[in-house]
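Just data-v9.cif here, mmCIF, C-alpha atoms:
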```
data_data
loop_
_atom_site.group_PDB
_atom_site.id
_atom_site.type_symbol
_atom_site.label_atom_id
_atom_site.label_comp_id
_atom_site.auth_asym_id
_atom_site.auth_seq_id
_atom_site.Cartn_x
_atom_site.Cartn_y
_atom_site.Cartn_z
ATOM 1 C CA MET A 218 308.954 -72.899 78.251
ATOM 2 C CA THR A 219 309.554 -69.335 77.073
ATOM 3 C CA ALA A 220 307.007 -66.720 78.122
ATOM 4 C CA ILE A 221 306.557 -63.499 76.156
ATOM 5 C CA SER A 222 304.237 -60.541 76.539
ATOM 6 C CA ILE A 223 301.008 -60.020 74.659
ATOM 7 C CA THR A 224 302.606 -57.010 72.933
ATOM 8 C CA THR A 225 305.473 -59.112 71.615
ATOM 9 C CA ALA A 226 303.088 -61.852 70.472
ATOM 10 C CA LEU A 227 301.089 -59.241 68.554
ATOM 11 C CA SER A 228 304.229 -57.838 66.917
ATOM 12 C CA LEU A 229 305.393 -61.296 65.823
ATOM 13 C CA THR A 230 302.065 -62.364 64.347
ATOM 14 C CA ARG A 231 300.626 -58.987 63.313
ATOM 15 C CA TRP A 232 297.267 -60.263 64.578
ATOM 16 C CA SER A 233 294.694 -58.058 66.224
ATOM 17 C CA GLU A 234 294.323 -58.299 70.008
ATOM 18 C CA ARG A 235 290.924 -59.866 69.482
ATOM 19 C CA THR A 236 292.400 -62.636 67.334
ATOM 20 C CA LEU A 237 295.147 -63.285 69.870
ATOM 21 C CA TRP A 238 292.671 -63.586 72.759
ATOM 22 C CA ARG A 239 290.453 -65.838 70.645
ATOM 23 C CA ARG A 240 293.423 -68.124 69.919
ATOM 24 C CA LEU A 241 294.177 -68.252 73.656
ATOM 25 C CA ALA A 242 290.553 -69.092 74.433
ATOM 26 C CA ASP A 243 290.328 -71.899 71.876
ATOM 27 C CA GLY A 244 293.627 -73.454 73.007
ATOM 28 C CA THR A 245 295.620 -72.685 69.846
ATOM 29 C CA LEU A 246 298.020 -70.678 72.017
ATOM 30 C CA GLN A 247 299.133 -71.513 75.533
ATOM 31 C CA ARG A 248 299.294 -69.075 78.429
ATOM 32 C CA ALA A 249 302.528 -68.702 80.342
ATOM 33 C CA PRO A 250 303.110 -66.674 83.502
ATOM 34 C CA LEU A 251 305.284 -63.602 83.336
ATOM 35 C CA PRO A 252 307.308 -62.294 86.303
ATOM 36 C CA SER A 253 305.084 -59.189 86.339
ATOM 37 C CA ASP A 254 301.996 -61.334 87.122
ATOM 38 C CA LYS A 255 300.570 -60.419 83.734
ATOM 39 C CA VAL A 256 299.249 -62.888 81.191
ATOM 40 C CA GLY A 257 301.966 -64.110 78.904
ATOM 41 C CA ILE A 258 302.050 -66.341 75.873
ATOM 42 C CA GLN A 259 304.113 -69.503 75.581
ATOM 43 C CA LEU A 260 306.404 -68.591 72.688
ATOM 44 C CA GLU A 261 306.735 -72.182 71.536
ATOM 45 C CA SER A 262 302.969 -72.348 70.906
ATOM 46 C CA LEU A 263 303.192 -69.123 68.876
ATOM 47 C CA LEU A 264 306.111 -70.142 66.624
ATOM 48 C CA PRO A 265 303.963 -71.664 63.835
ATOM 49 C CA TYR A 266 302.067 -68.372 63.523
ATOM 50 C CA CYS A 267 305.016 -65.969 63.466
ATOM 51 C CA GLY A 268 305.274 -64.196 60.153
ATOM 52 C CA ILE A 269 309.068 -64.231 60.076
ATOM 53 C CA GLY A 270 309.581 -67.975 60.401
ATOM 54 C CA LEU A 271 311.001 -68.138 63.914
ATOM 55 C CA THR A 272 312.461 -71.405 65.150
ATOM 56 C CA MET A 273 313.235 -72.801 68.586
ATOM 57 C CA ASP A 274 316.770 -71.451 68.137
ATOM 58 C CA ASP A 275 315.335 -67.909 68.076
ATOM 59 C CA CYS A 276 313.419 -68.190 71.371
ATOM 60 C CA ALA A 277 316.175 -66.804 73.618
ATOM 61 C CA LEU A 278 316.601 -63.795 71.319
ATOM 62 C CA VAL A 279 312.853 -63.086 71.295
ATOM 63 C CA GLN A 280 312.645 -63.411 75.071
ATOM 64 C CA ALA A 281 315.579 -61.002 75.534
ATOM 65 C CA ALA A 282 314.029 -58.516 73.098
ATOM 66 C CA ASP A 283 310.711 -58.826 74.935
ATOM 67 C CA ALA A 284 312.561 -58.080 78.195
ATOM 68 C CA GLY A 285 313.693 -54.752 76.689
ATOM 69 C CA LYS A 286 317.335 -55.553 75.956
ATOM 70 C CA VAL A 287 318.451 -53.083 73.306
ATOM 71 C CA ASN A 288 320.955 -55.348 71.545
ATOM 72 C CA ALA A 289 318.427 -58.188 71.380
ATOM 73 C CA GLN A 290 315.774 -55.868 69.974
ATOM 74 C CA THR A 291 318.195 -54.684 67.310
ATOM 75 C CA ASP A 292 319.316 -58.248 66.556
ATOM 76 C CA LEU A 293 315.704 -59.408 66.246
ATOM 77 C CA ALA A 294 315.038 -56.529 63.842
ATOM 78 C CA VAL A 295 318.079 -57.486 61.759
ATOM 79 C CA LEU A 296 316.805 -61.078 61.727
ATOM 80 C CA CYS A 297 313.476 -59.791 60.387
ATOM 81 C CA LEU A 298 315.285 -57.765 57.726
ATOM 82 C CA SER A 299 317.432 -60.740 56.727
ATOM 83 C CA ARG A 300 314.277 -62.795 56.256
ATOM 84 C CA HIS A 301 312.792 -60.084 54.029
ATOM 85 C CA HIS A 302 310.200 -58.864 56.546
ATOM 86 C CA PRO A 303 311.118 -55.226 57.183
ATOM 87 C CA GLU A 304 307.590 -54.432 58.369
ATOM 88 C CA TYR A 305 308.265 -56.608 61.442
ATOM 89 C CA ALA A 306 311.700 -55.054 61.976
ATOM 90 C CA ILE A 307 310.487 -51.484 62.357
ATOM 91 C CA HIS A 308 308.732 -52.231 65.668
ATOM 92 C CA TRP A 309 311.908 -53.611 67.223
ATOM 93 C CA LEU A 310 314.149 -50.893 65.799
ATOM 94 C CA GLU A 311 311.887 -48.184 67.196
ATOM 95 C CA LEU A 312 311.889 -49.808 70.648
ATOM 96 C CA ALA A 313 315.690 -50.035 70.648
ATOM 97 C CA ALA A 314 316.085 -46.489 69.291
ATOM 98 C CA LYS A 315 313.895 -45.133 72.119
ATOM 99 C CA GLN A 316 316.508 -46.589 74.479
ATOM 100 C CA ASN A 317 319.334 -44.807 72.629
ATOM 101 C CA GLY A 318 320.424 -47.847 70.646
ATOM 102 C CA ALA A 319 322.799 -46.353 68.091
ATOM 103 C CA ASP A 320 322.771 -49.460 65.874
ATOM 104 C CA ALA A 321 318.962 -49.402 65.808
ATOM 105 C CA MET A 322 318.990 -45.721 64.863
ATOM 106 C CA HIS A 323 321.398 -46.435 62.031
ATOM 107 C CA TRP A 324 319.184 -49.288 60.802
ATOM 108 C CA LEU A 325 316.136 -46.995 60.968
ATOM 109 C CA ALA A 326 318.028 -44.488 58.822
ATOM 110 C CA THR A 327 318.658 -47.245 56.282
ATOM 111 C CA CYS A 328 315.030 -48.393 56.369
ATOM 112 C CA TYR A 329 313.744 -44.861 55.724
ATOM 113 C CA ALA A 330 316.338 -44.237 53.009
ATOM 114 C CA GLN A 331 315.436 -47.484 51.215
ATOM 115 C CA GLY A 332 311.720 -47.602 52.022
ATOM 116 C CA TRP A 333 312.073 -50.922 53.853
ATOM 117 C CA GLY A 334 308.954 -51.473 55.969
ATOM 118 C CA VAL A 335 308.140 -47.755 55.956
ATOM 119 C CA PRO A 336 307.443 -45.210 53.240
ATOM 120 C CA GLN A 337 310.737 -43.950 51.801
ATOM 121 C CA ASN A 338 311.548 -40.616 53.450
ATOM 122 C CA ASP A 339 314.938 -38.925 53.055
ATOM 123 C CA ASN A 340 314.229 -36.418 55.834
ATOM 124 C CA LEU A 341 313.557 -39.159 58.400
ATOM 125 C CA ALA A 342 316.530 -41.122 57.099
ATOM 126 C CA LEU A 343 318.797 -38.130 57.679
ATOM 127 C CA MET A 344 317.254 -37.494 61.112
ATOM 128 C CA TRP A 345 317.922 -41.090 62.229
ATOM 129 C CA LEU A 346 321.410 -40.964 60.738
ATOM 130 C CA ALA A 347 322.171 -37.801 62.717
ATOM 131 C CA LYS A 348 320.774 -39.339 65.911
ATOM 132 C CA ALA A 349 322.879 -42.463 65.383
ATOM 133 C CA ALA A 350 325.983 -40.302 64.871
ATOM 134 C CA ALA A 351 325.197 -38.282 67.994
ATOM 135 C CA ALA A 352 324.787 -41.544 69.929
ATOM 136 C CA GLY A 353 328.306 -42.557 68.877
ATOM 137 C CA HIS A 354 327.684 -44.898 65.928
ATOM 138 C CA PRO A 355 331.030 -44.773 64.040
ATOM 139 C CA VAL A 356 329.653 -45.507 60.555
ATOM 140 C CA ALA A 357 326.916 -42.912 60.993
ATOM 141 C CA GLN A 358 329.527 -40.386 62.123
ATOM 142 C CA GLN A 359 331.556 -41.053 58.968
ATOM 143 C CA GLN A 360 328.430 -40.749 56.820
ATOM 144 C CA ILE A 361 327.503 -37.400 58.418
ATOM 145 C CA THR A 362 331.065 -36.172 57.866
ATOM 146 C CA ALA A 363 330.866 -37.235 54.201
ATOM 147 C CA ILE A 364 327.537 -35.431 53.783
ATOM 148 C CA LYS A 365 328.955 -32.258 55.331
ATOM 149 C CA THR A 366 332.053 -32.460 53.122
ATOM 150 C CA CYS A 367 329.950 -32.905 49.994
ATOM 151 C CA CYS A 368 327.718 -29.984 50.820
ATOM 152 C CA GLN A 369 330.379 -27.418 51.747
ATOM 153 C CA VAL A 370 330.350 -24.364 49.504
ATOM 154 C CA SER A 371 333.619 -22.609 48.732
#
```
I need this file expressed as structure tokens, please.
Amino acid sequence: MTAISITTALSLTRWSERTLWRRLADGTLQRAPLPSDKVGIQLESLLPYCGIGLTMDDCALVQAADAGKVNAQTDLAVLCLSRHHPEYAIHWLELAAKQNGADAMHWLATCYAQGWGVPQNDNLALMWLAKAAAAGHPVAQQQITAIKTCCQVS
């Protein structure tokens, strides 16, 4: 049994809190204890309602992302993107970026540049690209160098 937080359950279903609590009350979802003594959701009972088509094979990744592991959050976001659900990915990329995840920052730059899951915004794309480069992302560093080279005036 894999327990996840209410916040993660909401992000995976995009339900309102009220709907989630109603589904717990009517038995559609199962409670599961979390180490923090908070109410958790049994991930397996939530799988049929996840908007990105999660399977049992994805449970360990979701649990690690829920636990705040940066690489898992980024990987879950990339899974969302690969399944054509960028609106789900943004949540996980932002969480990982707040923890200085350079890969997540680079993906956020791409999402803003392409308008994937967020309104297209070149300024935010460039900001996230610069943050990723500053955090040591090698591709972002090369991209920033290319931008600087292109924009140099003789």
Next on the checklist: Give me the residues near segment 284-286 of chain A as a VMD selection string, where near means some atom within 9 Å (using only C-alpha atoms) and where sequence neighbours in that chain fewer than 2 positions away do not count.
Outcome noted: chain A and resid 221 to 222 279 to 282 288 to 291 312 to 313 316
Include C-alpha atoms and write out the residues we just selected as a short mmCIF file (atom, residue, chain, number, x, y, z; two decimals), in the coordinates of the input.
```
data_model
loop_
_atom_site.label_atom_id
_atom_site.label_comp_id
_atom_site.auth_asym_id
_atom_site.auth_seq_id
_atom_site.Cartn_x
_atom_site.Cartn_y
_atom_site.Cartn_z
CA ILE A 221 306.56 -63.50 76.16
CA SER A 222 304.24 -60.54 76.54
CA VAL A 279 312.85 -63.09 71.30
CA GLN A 280 312.64 -63.41 75.07
CA ALA A 281 315.58 -61.00 75.53
CA ALA A 282 314.03 -58.52 73.10
CA ASN A 288 320.96 -55.35 71.54
CA ALA A 289 318.43 -58.19 71.38
CA GLN A 290 315.77 -55.87 69.97
CA THR A 291 318.20 -54.68 67.31
CA LEU A 312 311.89 -49.81 70.65
CA ALA A 313 315.69 -50.04 70.65
CA GLN A 316 316.51 -46.59 74.48
#
```
Item to check | Residues matched by the PyMOL selection byres ((chain A and resi 305) around 9) as a list in words | outcome: Ser228, Leu229, Thr230, Arg231, Gly268, Ile269, Ala294, Cys297, Leu298, His302, Pro303, Glu304, Ala306, Ile307, His308, Trp309 and Gly334 of chain A
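Residue membership of the PyMOL selection byres ((chain A and resi 237-240) around 12) in the shown file amounts to Ser222, Ile223, Thr224, Thr225, Ala226, Leu227, Ser228, Leu229, Thr230, Arg231, Trp232, Ser233, Glu234, Arg235, Thr236, Leu241, Ala242, Asp243, Gly244, Thr245, Leu246, Gln247, Arg248, Val256, Gly257, Ile258, Ser262, Leu263 and Tyr266 of chain A.
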Item to check | Atomic distance atom CA of Asp320 of chain A - atom CA of Thr219 of chain A, expressed in Å with one decimal | outcome: 26.4 Å
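If you measure from each of A:Ala357, A:Ala351, A:Cys368, A:Leu346 to Cys328 of chain A using all atoms listed in the file, the closest one turns out to be A:Leu346.
Closest approach to Met344 of chain A among A:Ser253, A:Thr327, A:Gln259, A:Thr362: A:Thr327, based on only C-alpha atoms.
Omitting Met322 of chain A and its sequence neighbours fewer than 5 positions away, and counting only C-alpha atoms, the residues within 9 Å are Leu310, Glu311, Ala313, Ala314, Lys315, Asn317, Thr327, Trp345, Leu346, Ala347, Lys348, Ala349, Ala350, Ala352 and His354 of chain A.
When the distance limit is 9 Å and only C-alpha atoms are what count, the residues near Thr272 of chain A, minus those fewer than 5 positions from it on the same chain, are Glu261, Leu264 and Pro265 of chain A.
Taking atom CA of Leu343 of chain A and atom CA of Ala326 of chain A as the two end points, the separation is 6.5 Å.
Coordinates place atom CA of Asp283 of chain A at a distance of 10.9 Å from atom CA of Leu260 of chain A.
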Edge lengths and centre in Å, axis-aligned, segment 279-295 of chain A plus 3 Å each side, as JSON:
```
{"center_x": 315.8, "center_y": -58.2, "center_z": 70.0, "size_x": 16.2, "size_y": 16.3, "size_z": 22.4}
```
Where atoms are absent from segment 298-329 of chain A, fill them in so it carries N, CA and C atoms, then output it as a CSV table (one decimal), in the coordinates of the input.
```csv
chain,number,residue,atom,x,y,z
A,298,LEU,N,314.8,-58.3,59.0
A,298,LEU,CA,315.3,-57.8,57.7
A,298,LEU,C,315.9,-58.8,56.9
A,299,SER,N,316.7,-59.7,57.5
A,299,SER,CA,317.4,-60.7,56.7
A,299,SER,C,316.5,-61.8,56.2
A,300,ARG,N,315.3,-61.9,56.8
A,300,ARG,CA,314.3,-62.8,56.3
A,300,ARG,C,313.2,-62.1,55.4
A,301,HIS,N,313.6,-60.9,55.0
A,301,HIS,CA,312.8,-60.1,54.0
A,301,HIS,C,311.4,-59.7,54.6
A,302,HIS,N,311.4,-59.3,55.9
A,302,HIS,CA,310.2,-58.9,56.5
A,302,HIS,C,310.5,-57.6,57.3
A,303,PRO,N,310.8,-56.5,56.5
A,303,PRO,CA,311.1,-55.2,57.2
A,303,PRO,C,310.0,-54.6,58.0
A,304,GLU,N,308.7,-55.0,57.6
A,304,GLU,CA,307.6,-54.4,58.4
A,304,GLU,C,307.6,-54.9,59.8
A,305,TYR,N,308.1,-56.1,60.1
A,305,TYR,CA,308.3,-56.6,61.4
A,305,TYR,C,309.4,-55.9,62.2
A,306,ALA,N,310.5,-55.6,61.4
A,306,ALA,CA,311.7,-55.1,62.0
A,306,ALA,C,311.5,-53.7,62.6
A,307,ILE,N,310.7,-52.9,61.9
A,307,ILE,CA,310.5,-51.5,62.4
A,307,ILE,C,310.1,-51.4,63.8
A,308,HIS,N,309.2,-52.2,64.3
A,308,HIS,CA,308.7,-52.2,65.7
A,308,HIS,C,309.9,-52.4,66.6
A,309,TRP,N,310.8,-53.3,66.3
A,309,TRP,CA,311.9,-53.6,67.2
A,309,TRP,C,313.0,-52.5,67.1
A,310,LEU,N,313.2,-52.0,65.9
A,310,LEU,CA,314.1,-50.9,65.8
A,310,LEU,C,313.7,-49.7,66.6
A,311,GLU,N,312.4,-49.4,66.5
A,311,GLU,CA,311.9,-48.2,67.2
A,311,GLU,C,312.0,-48.4,68.7
A,312,LEU,N,311.7,-49.6,69.2
A,312,LEU,CA,311.9,-49.8,70.6
A,312,LEU,C,313.3,-49.6,71.1
A,313,ALA,N,314.3,-50.2,70.3
A,313,ALA,CA,315.7,-50.0,70.6
A,313,ALA,C,316.2,-48.6,70.5
A,314,ALA,N,315.7,-47.9,69.5
A,314,ALA,CA,316.1,-46.5,69.3
A,314,ALA,C,315.6,-45.6,70.4
A,315,LYS,N,314.4,-45.9,71.0
A,315,LYS,CA,313.9,-45.1,72.1
A,315,LYS,C,314.8,-45.3,73.3
A,316,GLN,N,315.6,-46.4,73.4
A,316,GLN,CA,316.5,-46.6,74.5
A,316,GLN,C,317.9,-46.2,74.1
A,317,ASN,N,318.1,-45.3,73.1
A,317,ASN,CA,319.3,-44.8,72.6
A,317,ASN,C,320.2,-45.9,72.0
A,318,GLY,N,319.6,-46.9,71.4
A,318,GLY,CA,320.4,-47.8,70.6
A,318,GLY,C,320.9,-47.3,69.3
A,319,ALA,N,322.2,-47.0,69.3
A,319,ALA,CA,322.8,-46.4,68.1
A,319,ALA,C,322.7,-47.2,66.9
A,320,ASP,N,322.9,-48.5,67.0
A,320,ASP,CA,322.8,-49.5,65.9
A,320,ASP,C,321.3,-49.4,65.3
A,321,ALA,N,320.4,-49.4,66.2
A,321,ALA,CA,319.0,-49.4,65.8
A,321,ALA,C,318.7,-48.1,65.1
A,322,MET,N,319.2,-47.0,65.5
A,322,MET,CA,319.0,-45.7,64.9
A,322,MET,C,319.6,-45.8,63.5
A,323,HIS,N,320.8,-46.4,63.3
A,323,HIS,CA,321.4,-46.4,62.0
A,323,HIS,C,320.6,-47.3,61.1
A,324,TRP,N,320.0,-48.4,61.6
A,324,TRP,CA,319.2,-49.3,60.8
A,324,TRP,C,317.9,-48.6,60.4
A,325,LEU,N,317.3,-47.8,61.3
A,325,LEU,CA,316.1,-47.0,61.0
A,325,LEU,C,316.4,-46.0,59.8
A,326,ALA,N,317.6,-45.4,59.9
A,326,ALA,CA,318.0,-44.5,58.8
A,326,ALA,C,318.0,-45.2,57.5
A,327,THR,N,318.6,-46.4,57.5
A,327,THR,CA,318.7,-47.2,56.3
A,327,THR,C,317.3,-47.6,55.8
A,328,CYS,N,316.4,-48.0,56.7
A,328,CYS,CA,315.0,-48.4,56.4
A,328,CYS,C,314.3,-47.2,55.7
A,329,TYR,N,314.4,-46.0,56.3
A,329,TYR,CA,313.7,-44.9,55.7
A,329,TYR,C,314.4,-44.5,54.4
```
